[in-house]
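See below for start36.pdb, which holds PDB, C-alpha atoms, pLDDT in the B column.
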ATOM      1  CA  MET A  87       0.000   0.000   0.000  1.00 85.00           C
ATOM      2  CA  ASP A  88       1.318   3.411  -0.983  1.00 88.00           C
ATOM      3  CA  ILE A  89      -1.337   6.127  -0.624  1.00 87.00           C
ATOM      4  CA  GLU A  90      -0.844   9.827   0.023  1.00 88.00           C
ATOM      5  CA  TYR A  91      -0.935  10.248   3.805  1.00 83.00           C
ATOM      6  CA  ASP A  92      -3.046  12.768   5.658  1.00 80.00           C
ATOM      7  CA  VAL A  93      -4.234  12.436   9.262  1.00 74.00           C
ATOM      8  CA  THR A  94      -7.825  12.860   8.102  1.00 77.00           C
ATOM      9  CA  CYS A  95      -7.451  10.837   4.850  1.00 82.00           C
ATOM     10  CA  ASN A  96      -8.923  13.858   3.060  1.00 85.00           C
ATOM     11  CA  HIS A  97      -6.724  13.582  -0.033  1.00 89.00           C
ATOM     12  CA  ASP A  98      -6.465  10.053  -1.409  1.00 92.00           C
ATOM     13  CA  GLU A  99      -8.128   7.185   0.421  1.00 91.00           C
ATOM     14  CA  LEU A 100      -9.281   3.600   0.138  1.00 91.00           C
ATOM     15  CA  LYS A 101     -12.429   3.125   2.191  1.00 89.00           C
ATOM     16  CA  LEU A 102     -13.494  -0.349   3.323  1.00 87.00           C
ATOM     17  CA  LEU A 103     -17.140  -0.870   4.254  1.00 84.00           C
ATOM     18  CA  GLU A 104     -18.963  -3.869   5.700  1.00 81.00           C
ATOM     19  CA  GLY A 105     -22.111  -4.633   3.728  1.00 79.00           C
ATOM     20  CA  ALA A 106     -23.479  -3.334   0.441  1.00 78.00           C
ATOM     21  CA  GLY A 107     -25.507  -0.366  -0.744  1.00 77.00           C
ATOM     22  CA  ASP A 108     -27.089   2.021   1.750  1.00 73.00           C
ATOM     23  CA  GLN A 109     -26.580  -0.459   4.610  1.00 71.00           C
ATOM     24  CA  ALA A 110     -22.770  -0.510   4.277  1.00 80.00           C
ATOM     25  CA  GLN A 111     -20.855   0.841   7.276  1.00 79.00           C
ATOM     26  CA  VAL A 112     -17.270   2.075   7.317  1.00 81.00           C
ATOM     27  CA  VAL A 113     -14.746  -0.360   8.795  1.00 79.00           C
ATOM     28  CA  HIS A 114     -11.561   1.561   8.051  1.00 80.00           C
ATOM     29  CA  ARG A 115     -10.135   4.349   5.914  1.00 83.00           C
ATOM     30  CA  TYR A 116      -6.689   3.657   4.461  1.00 85.00           C
ATOM     31  CA  CYS A 117      -4.223   6.384   3.500  1.00 85.00           C
ATOM     32  CA  ILE A 118      -0.884   4.791   4.320  1.00 80.00           C
ATOM     33  CA  PRO A 119       2.344   5.635   2.476  1.00 82.00           C
ATOM     34  CA  ALA A 120       4.955   3.002   1.624  1.00 76.00           C
ATOM     35  CA  GLU A 121       7.318   4.561   4.164  1.00 75.00           C
ATOM     36  CA  LYS A 122       5.251   4.710   7.330  1.00 65.00           C
ATOM     37  CA  THR A 123       5.827   7.468   9.857  1.00 55.00           C
ATOM     38  CA  ALA A 124       5.259   7.631  13.604  1.00 50.00           C
ATOM     39  CA  LEU A 125       2.257   9.877  12.930  1.00 50.00           C
ATOM     40  CA  ILE A 126       0.276   6.984  11.501  1.00 53.00           C
ATOM     41  CA  GLY A 127       0.020   5.302  14.889  1.00 53.00           C
ATOM     42  CA  PRO A 128       0.713   1.817  16.255  1.00 48.00           C
ATOM     43  CA  ASN A 129      -2.621   0.332  15.165  1.00 50.00           C
ATOM     44  CA  SER A 130      -2.229   0.554  11.387  1.00 56.00           C
ATOM     45  CA  GLU A 131      -1.052  -3.078  11.061  1.00 60.00           C
ATOM     46  CA  ARG A 132      -4.227  -4.196  12.807  1.00 59.00           C
ATOM     47  CA  PHE A 133      -6.250  -3.462   9.674  1.00 67.00           C
ATOM     48  CA  ASN A 134      -4.103  -5.450   7.219  1.00 74.00           C
ATOM     49  CA  THR A 135      -6.427  -8.481   7.359  1.00 75.00           C
ATOM     50  CA  GLN A 136     -10.202  -8.175   7.593  1.00 77.00           C
ATOM     51  CA  ILE A 137     -12.937 -10.819   7.672  1.00 74.00           C
ATOM     52  CA  SER A 138     -16.479  -9.760   6.872  1.00 75.00           C
ATOM     53  CA  LYS A 139     -19.472 -10.670   9.001  1.00 70.00           C
ATOM     54  CA  SER A 140     -21.786 -10.637   5.986  1.00 71.00           C
ATOM     55  CA  ARG A 141     -21.381 -11.738   2.357  1.00 77.00           C
ATOM     56  CA  HIS A 142     -20.372  -8.223   1.276  1.00 82.00           C
ATOM     57  CA  PHE A 143     -17.419  -5.887   1.534  1.00 85.00           C
ATOM     58  CA  THR A 144     -17.535  -2.575  -0.334  1.00 88.00           C
ATOM     59  CA  LEU A 145     -14.397  -0.737  -1.446  1.00 89.00           C
ATOM     60  CA  ILE A 146     -14.430   2.948  -2.405  1.00 90.00           C
ATOM     61  CA  TRP A 147     -11.277   4.430  -3.963  1.00 93.00           C
ATOM     62  CA  ARG A 148     -11.024   8.229  -4.130  1.00 92.00           C
ATOM     63  CA  THR A 149      -8.133  10.456  -5.216  1.00 92.00           C
ATOM     64  CA  ASP A 150      -7.641  14.199  -5.461  1.00 91.00           C
ATOM     65  CA  ALA A 151      -5.997  16.243  -8.199  1.00 89.00           C
ATOM     66  CA  ASP A 152      -2.385  16.435  -7.022  1.00 88.00           C
ATOM     67  CA  VAL A 153       0.090  13.927  -5.442  1.00 88.00           C
ATOM     68  CA  GLU A 154       0.433  10.587  -7.257  1.00 88.00           C
ATOM     69  CA  GLN A 155       1.764   7.437  -5.573  1.00 88.00           C
ATOM     70  CA  LYS A 156       1.885   3.727  -6.406  1.00 90.00           C
ATOM     71  CA  GLY A 157      -1.537   2.881  -4.979  1.00 89.00           C
ATOM     72  CA  TRP A 158      -2.565  -0.432  -3.474  1.00 89.00           C
ATOM     73  CA  LYS A 159      -3.081  -4.106  -4.127  1.00 90.00           C
ATOM     74  CA  LEU A 160      -5.122  -6.552  -2.071  1.00 88.00           C
ATOM     75  CA  GLU A 161      -5.916 -10.240  -2.086  1.00 88.00           C
ATOM     76  CA  TYR A 162      -9.259 -11.751  -1.141  1.00 85.00           C
ATOM     77  CA  GLU A 163     -10.611 -15.231  -0.627  1.00 81.00           C
ATOM     78  CA  PHE A 164     -13.857 -16.906   0.300  1.00 80.00           C
ATOM     79  CA  VAL A 165     -13.883 -18.379   3.806  1.00 71.00           C
ATOM     80  CA  ASN A 166     -16.176 -20.900   5.433  1.00 66.00           C
ATOM     81  CA  PRO A 167     -18.880 -18.954   7.284  1.00 60.00           C
ATOM     82  CA  ASN A 168     -19.184 -21.769   9.821  1.00 56.00           C
ATOM     83  CA  SER A 169     -15.604 -21.365  11.011  1.00 58.00           C
ATOM     84  CA  GLU A 170     -16.423 -17.993  12.663  1.00 59.00           C
ATOM     85  CA  CYS A 171     -12.773 -17.481  13.538  1.00 76.00           C
ATOM     86  CA  GLY A 172     -13.122 -13.745  13.801  1.00 76.00           C
ATOM     87  CA  PHE A 173     -15.046 -11.066  11.941  1.00 78.00           C
ATOM     88  CA  ILE A 174     -15.727  -7.351  11.955  1.00 76.00           C
ATOM     89  CA  SER A 175     -19.083  -5.936  12.966  1.00 79.00           C
ATOM     90  CA  ASN A 176     -20.777  -2.565  13.306  1.00 76.00           C
ATOM     91  CA  ALA A 177     -23.973  -4.114  14.662  1.00 78.00           C
ATOM     92  CA  MET A 178     -25.445  -2.721  17.875  1.00 83.00           C
ATOM     93  CA  HIS A 179     -25.724  -6.228  19.344  1.00 84.00           C
ATOM     94  CA  GLY A 180     -24.607  -9.735  18.491  1.00 86.00           C
ATOM     95  CA  VAL A 181     -23.168 -13.030  19.691  1.00 87.00           C
ATOM     96  CA  ILE A 182     -19.545 -14.163  19.591  1.00 86.00           C
ATOM     97  CA  TYR A 183     -18.406 -17.730  20.131  1.00 84.00           C
ATOM     98  CA  THR A 184     -15.368 -19.882  19.521  1.00 85.00           C
ATOM     99  CA  PRO A 185     -15.224 -21.981  16.345  1.00 84.00           C
ATOM    100  CA  ASN A 186     -17.129 -25.284  16.707  1.00 83.00           C
ATOM    101  CA  TYR A 187     -18.950 -24.066  19.847  1.00 84.00           C
ATOM    102  CA  PRO A 188     -20.421 -25.822  21.862  1.00 86.00           C
ATOM    103  CA  ASP A 189     -17.923 -28.510  20.805  1.00 88.00           C
ATOM    104  CA  THR A 190     -14.189 -28.146  21.436  1.00 88.00           C
ATOM    105  CA  TYR A 191     -12.236 -25.523  19.553  1.00 86.00           C
ATOM    106  CA  ASP A 192      -9.269 -26.526  17.386  1.00 84.00           C
ATOM    107  CA  ASN A 193      -5.549 -26.188  18.028  1.00 84.00           C
ATOM    108  CA  ASP A 194      -3.428 -23.264  16.827  1.00 81.00           C
ATOM    109  CA  LEU A 195      -6.198 -20.723  16.383  1.00 82.00           C
ATOM    110  CA  GLY A 196      -5.685 -16.998  16.128  1.00 80.00           C
ATOM    111  CA  CYS A 197      -9.081 -15.289  15.875  1.00 83.00           C
ATOM    112  CA  ILE A 198      -9.864 -11.572  15.949  1.00 81.00           C
ATOM    113  CA  TRP A 199     -13.372 -10.186  16.377  1.00 83.00           C
ATOM    114  CA  ASP A 200     -13.423  -6.448  15.689  1.00 82.00           C
ATOM    115  CA  ILE A 201     -16.490  -4.592  17.001  1.00 85.00           C
ATOM    116  CA  SER A 202     -17.270  -0.909  16.631  1.00 82.00           C
ATOM    117  CA  VAL A 203     -20.370   1.138  17.385  1.00 82.00           C
ATOM    118  CA  PRO A 204     -21.173   4.807  16.630  1.00 81.00           C
ATOM    119  CA  GLN A 205     -19.277   7.566  18.425  1.00 78.00           C
ATOM    120  CA  GLY A 206     -20.811   8.303  21.806  1.00 84.00           C
ATOM    121  CA  TYR A 207     -21.735   4.669  22.468  1.00 87.00           C
ATOM    122  CA  HIS A 208     -19.830   2.107  24.507  1.00 88.00           C
ATOM    123  CA  ILE A 209     -19.720  -1.675  24.191  1.00 89.00           C
ATOM    124  CA  GLN A 210     -20.857  -4.015  26.960  1.00 91.00           C
ATOM    125  CA  LEU A 211     -19.728  -7.628  26.937  1.00 90.00           C
ATOM    126  CA  ASP A 212     -21.727 -10.212  28.897  1.00 93.00           C
ATOM    127  CA  PHE A 213     -20.210 -13.692  29.063  1.00 92.00           C
ATOM    128  CA  GLU A 214     -22.685 -16.570  29.215  1.00 92.00           C
ATOM    129  CA  THR A 215     -20.219 -19.486  29.301  1.00 92.00           C
ATOM    130  CA  PHE A 216     -16.445 -19.663  29.435  1.00 93.00           C
ATOM    131  CA  ASP A 217     -14.155 -22.697  29.155  1.00 93.00           C
ATOM    132  CA  VAL A 218     -10.612 -21.958  27.982  1.00 92.00           C
ATOM    133  CA  GLN A 219      -7.565 -24.038  28.861  1.00 91.00           C
ATOM    134  CA  SER A 220      -6.135 -22.839  32.158  1.00 92.00           C
ATOM    135  CA  SER A 221      -2.429 -22.044  32.350  1.00 92.00           C
ATOM    136  CA  GLN A 222      -0.102 -19.875  34.411  1.00 92.00           C
ATOM    137  CA  GLU A 223      -0.799 -16.243  33.487  1.00 91.00           C
ATOM    138  CA  CYS A 224      -2.894 -17.589  30.572  1.00 92.00           C
ATOM    139  CA  GLN A 225       0.193 -18.169  28.449  1.00 88.00           C
ATOM    140  CA  ALA A 226      -1.375 -21.052  26.479  1.00 89.00           C
ATOM    141  CA  ASP A 227      -4.953 -20.448  25.312  1.00 91.00           C
ATOM    142  CA  PHE A 228      -6.535 -17.125  26.165  1.00 91.00           C
ATOM    143  CA  LEU A 229      -9.097 -14.486  25.303  1.00 91.00           C
ATOM    144  CA  GLN A 230      -8.021 -10.861  25.457  1.00 89.00           C
ATOM    145  CA  VAL A 231      -9.967  -7.651  24.890  1.00 89.00           C
ATOM    146  CA  TYR A 232      -8.288  -4.616  23.342  1.00 86.00           C
ATOM    147  CA  GLU A 233      -9.827  -1.147  23.399  1.00 85.00           C
ATOM    148  CA  GLU A 234      -9.010   1.352  20.710  1.00 76.00           C
ATOM    149  CA  HIS A 235      -8.762   4.951  21.828  1.00 69.00           C
ATOM    150  CA  GLN A 236      -8.634   7.286  18.887  1.00 63.00           C
ATOM    151  CA  GLY A 237      -9.306  10.947  18.490  1.00 57.00           C
ATOM    152  CA  GLN A 238      -8.436  13.742  16.142  1.00 53.00           C
ATOM    153  CA  GLU A 239      -9.214  17.427  16.223  1.00 50.00           C
ATOM    154  CA  TRP A 240      -7.903  20.800  15.141  1.00 49.00           C
ATOM    155  CA  ALA A 241      -6.357  22.799  17.942  1.00 48.00           C
ATOM    156  CA  PRO A 242      -8.425  25.808  19.114  1.00 48.00           C
ATOM    157  CA  GLN A 243      -5.808  28.235  17.780  1.00 48.00           C
ATOM    158  CA  GLY A 244      -3.686  27.934  14.692  1.00 49.00           C
ATOM    159  CA  ASP A 245      -3.413  25.080  12.227  1.00 51.00           C
ATOM    160  CA  TYR A 246      -2.106  22.398  14.582  1.00 48.00           C
ATOM    161  CA  TYR A 247      -3.819  19.040  14.138  1.00 47.00           C
ATOM    162  CA  PHE A 248      -4.006  16.627  17.075  1.00 47.00           C
ATOM    163  CA  LEU A 249      -4.125  12.883  16.438  1.00 49.00           C
ATOM    164  CA  PHE A 250      -4.369  10.334  19.224  1.00 50.00           C
ATOM    165  CA  ASN A 251      -4.192   6.660  18.346  1.00 58.00           C
ATOM    166  CA  ASN A 252      -3.687   4.086  21.057  1.00 64.00           C
ATOM    167  CA  GLU A 253      -4.727   0.539  21.794  1.00 71.00           C
ATOM    168  CA  GLU A 254      -5.119  -0.636  25.389  1.00 80.00           C
ATOM    169  CA  ALA A 255      -4.738  -4.358  26.049  1.00 82.00           C
ATOM    170  CA  GLY A 256      -6.893  -5.921  28.734  1.00 86.00           C
ATOM    171  CA  LYS A 257      -5.796  -8.807  30.902  1.00 90.00           C
ATOM    172  CA  ALA A 258      -5.656 -12.206  29.181  1.00 91.00           C
ATOM    173  CA  MET A 259      -8.465 -14.511  30.347  1.00 92.00           C
ATOM    174  CA  CYS A 260      -8.524 -18.293  30.639  1.00 93.00           C
ATOM    175  CA  GLY A 261      -9.971 -21.041  32.874  1.00 93.00           C
ATOM    176  CA  ILE A 262     -13.616 -21.833  33.604  1.00 93.00           C
ATOM    177  CA  ASP A 263     -14.692 -18.887  35.768  1.00 94.00           C
ATOM    178  CA  ILE A 264     -17.129 -16.702  33.851  1.00 93.00           C
ATOM    179  CA  PRO A 265     -15.623 -13.199  33.494  1.00 92.00           C
ATOM    180  CA  LYS A 266     -17.530 -10.257  34.901  1.00 92.00           C
ATOM    181  CA  PRO A 267     -19.506  -8.059  32.489  1.00 92.00           C
ATOM    182  CA  TYR A 268     -17.189  -5.652  30.698  1.00 89.00           C
ATOM    183  CA  GLU A 269     -18.032  -2.134  29.541  1.00 89.00           C
ATOM    184  CA  SER A 270     -15.636  -0.371  27.206  1.00 88.00           C
ATOM    185  CA  GLU A 271     -14.583   3.245  27.503  1.00 84.00           C
ATOM    186  CA  SER A 272     -14.275   3.594  23.730  1.00 81.00           C
ATOM    187  CA  ASN A 273     -16.576   2.757  20.831  1.00 80.00           C
ATOM    188  CA  ARG A 274     -14.266   0.140  19.286  1.00 75.00           C
ATOM    189  CA  ILE A 275     -12.866  -3.055  20.743  1.00 77.00           C
ATOM    190  CA  ARG A 276     -11.415  -6.259  19.449  1.00 72.00           C
ATOM    191  CA  TYR A 277     -11.304  -9.752  20.885  1.00 64.00           C
ATOM    192  CA  VAL A 278      -8.146 -11.752  20.325  1.00 70.00           C
ATOM    193  CA  SER A 279      -8.418 -15.483  20.947  1.00 68.00           C
ATOM    194  CA  LEU A 280      -5.489 -17.859  20.645  1.00 62.00           C
ATOM    195  CA  GLY A 281      -5.879 -21.603  21.076  1.00 51.00           C
ATOM    196  CA  SER A 282      -3.084 -24.139  21.267  1.00 41.00           C
ATOM    197  CA  VAL A 283      -4.664 -27.111  23.068  1.00 35.00           C
ATOM    198  CA  GLU A 284      -8.041 -28.690  22.455  1.00 35.00           C
ATOM    199  CA  MET A 285     -10.602 -28.372  25.221  1.00 30.00           C
TER     200      MET A 285
END
Take the structure I supplied and represent it as structure tokens, if you would.
Amino acid sequence: MDIEYDVTCNHDELKLLEGAGDQAQVVHRYCIPAEKTALIGPNSERFNTQISKSRHFTLIWRTDADVEQKGWKLEYEFVNPNSECGFISNAMHGVIYTPNYPDTYDNDLGCIWDISVPQGYHIQLDFETFDVQSSQECQADFLQVYEEHQGQEWAPQGDYYFLFNNEEAGKAMCGIDIPKPYESESNRIRYVSLGSVEM
């Protein structure tokens, strides 16, 4: 990917949306140059691979009238909808479960569920069941919640632009004790689940 960079992606951008037509919702806006800078933030790699929740992704490519760069190339593939090893969702409610649930999950999994809701909302997670291999400090199989804190605004005076991009990792969870309900401080979280031993 080599796209003209701007903190607001207001010049050139590749926009990825979940869904089709009027129902499509923005997942991410890409404007990343080949030579990344510290301004882009530590979370840019997080959006390299995306799995849709529905049968549709929509891509919108827009450029302005000046700077030209190499552009972008992506690969896509069809995946088994029954595997449910991660997805992205903008839905206001839903259910997340491990692949094969209620049967045992497979070895060597690495699933990411990316959930975002409109600005001003928070996300509450309520666990109904929980059975993940127990290990010291959850170093084997685990479930971990990451919160994305992101903000951008023009400074009150002058032309200074403020960009804040940070991801806060929660404590890894494993065992059979059902975790307490979790309420996010931000409007975007992701679950990361890694499995190495069958349960």
**Message:** Using the chain letters and numbers from this file, what does the PyMOL selection byres ((chain A and resi 135) around 12) select? Give the answer as a PyMOL selection string.
**Reply:** chain A and resi 102+113-114+130-134+136-138+160-163+172-174+197-200
**Message:** Evaluate the PyMOL selection byres ((chain A and resi 120) around 9) against this structure - the residues, as an MDAnalysis selection string, please.
**Reply:** chainID A and resid 87:89 118:119 121:122 156
List the residues matched by the PyMOL selection byres ((chain A and resi 267) around 12) in the displayed structure as a tab-separated table (two decimals) with C-alpha atoms, keeping the file's coordinate frame, ordered by chain and then by residue number.
chain	number	residue	atom	x	y	z
A	209	ILE	CA	-19.72	-1.68	24.19
A	210	GLN	CA	-20.86	-4.01	26.96
A	211	LEU	CA	-19.73	-7.63	26.94
A	212	ASP	CA	-21.73	-10.21	28.90
A	213	PHE	CA	-20.21	-13.69	29.06
A	214	GLU	CA	-22.68	-16.57	29.22
A	215	THR	CA	-20.22	-19.49	29.30
A	264	ILE	CA	-17.13	-16.70	33.85
A	265	PRO	CA	-15.62	-13.20	33.49
A	266	LYS	CA	-17.53	-10.26	34.90
A	268	TYR	CA	-17.19	-5.65	30.70
A	269	GLU	CA	-18.03	-2.13	29.54
A	270	SER	CA	-15.64	-0.37	27.21
**Request:** For A:Arg274, list every protein, DNA or RNA residue within 7 Å, evaluated using all atoms listed in the file, and leave out those in the same chain fewer than 5 positions away; present the list as number ranges by chain.
**Result:** A: 201-203, 233-234
**Prompt:** Quick one: of A:Ser220, A:Lys139, A:Asn176, A:Ile146, who's nearest to A:Lys101, counting all atoms listed in the file?
**Reply:**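 When distances to A:Lys101 are compared using all atoms listed in the file, the smallest one comes from A:Ile146.
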With 8 Å added on each side, what axis-aligned box encloses every listed atom of stretch 251-264 of chain A? Give the centre and edge lengths in Å to one decimal, as lines of an AutoDock Vina configuration file.
center_x = -10.4
center_y = -7.6
center_z = 27.1
size_x = 29.4
size_y = 44.5
size_z = 33.4
**Request:** Give me the residues within 10 Å of A:Phe216 as a list in words, counting only C-alpha atoms and dropping any in the same chain fewer than 5 places off.
**Result:**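 The residues that qualify are Tyr183, Thr184, Leu229, Met259, Cys260, Gly261, Ile262, Asp263, Ile264 and Pro265 of chain A.
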**Prompt:** Do you have the atom CA of A:Cys95-atom CA of A:Cys117 distance handy?
**Reply:**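 Interatomic distance here is 5.7 Å.
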**Prompt:** So, counting all atoms listed in the file, which residue among A:Met178, A:Val165, A:Val218, A:Ala110 is closest to A:Tyr191?
**Reply:**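 When distances to A:Tyr191 are compared using all atoms listed in the file, the smallest one comes from A:Val218.
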**Interatomic distance, atom CA of A:Asp98 to atom CA of A:Arg115 (Å, one decimal)** =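 The value is 10.0 Å.
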**Message:** When you count all atoms listed in the file, which of these residues is closest to A:Ala151: A:Asn186, A:Asn96, A:Ser272, A:Asn193?
**Reply:** A:Asn96
**Residue with smallest distance to A:Cys171 - pool A:Asp192, A:Lys159, A:Asn273, A:Asp152, counting only C-alpha atoms** =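 Among the listed residues, the smallest separation from A:Cys171 belongs to A:Asp192.
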**Message:** To one decimal place in Å, what is the distance between atom CA of A:Arg148 and atom CA of A:Tyr207?
**Reply:**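 About the pair atom CA of A:Arg148 and atom CA of A:Tyr207: they are 28.9 Å apart.
Comparing the minimum interatomic distances between A:Asp227 and each of A:Glu104, A:Glu90, A:Val278, A:Phe143, counting only C-alpha atoms, we find that A:Val278 sits nearest.
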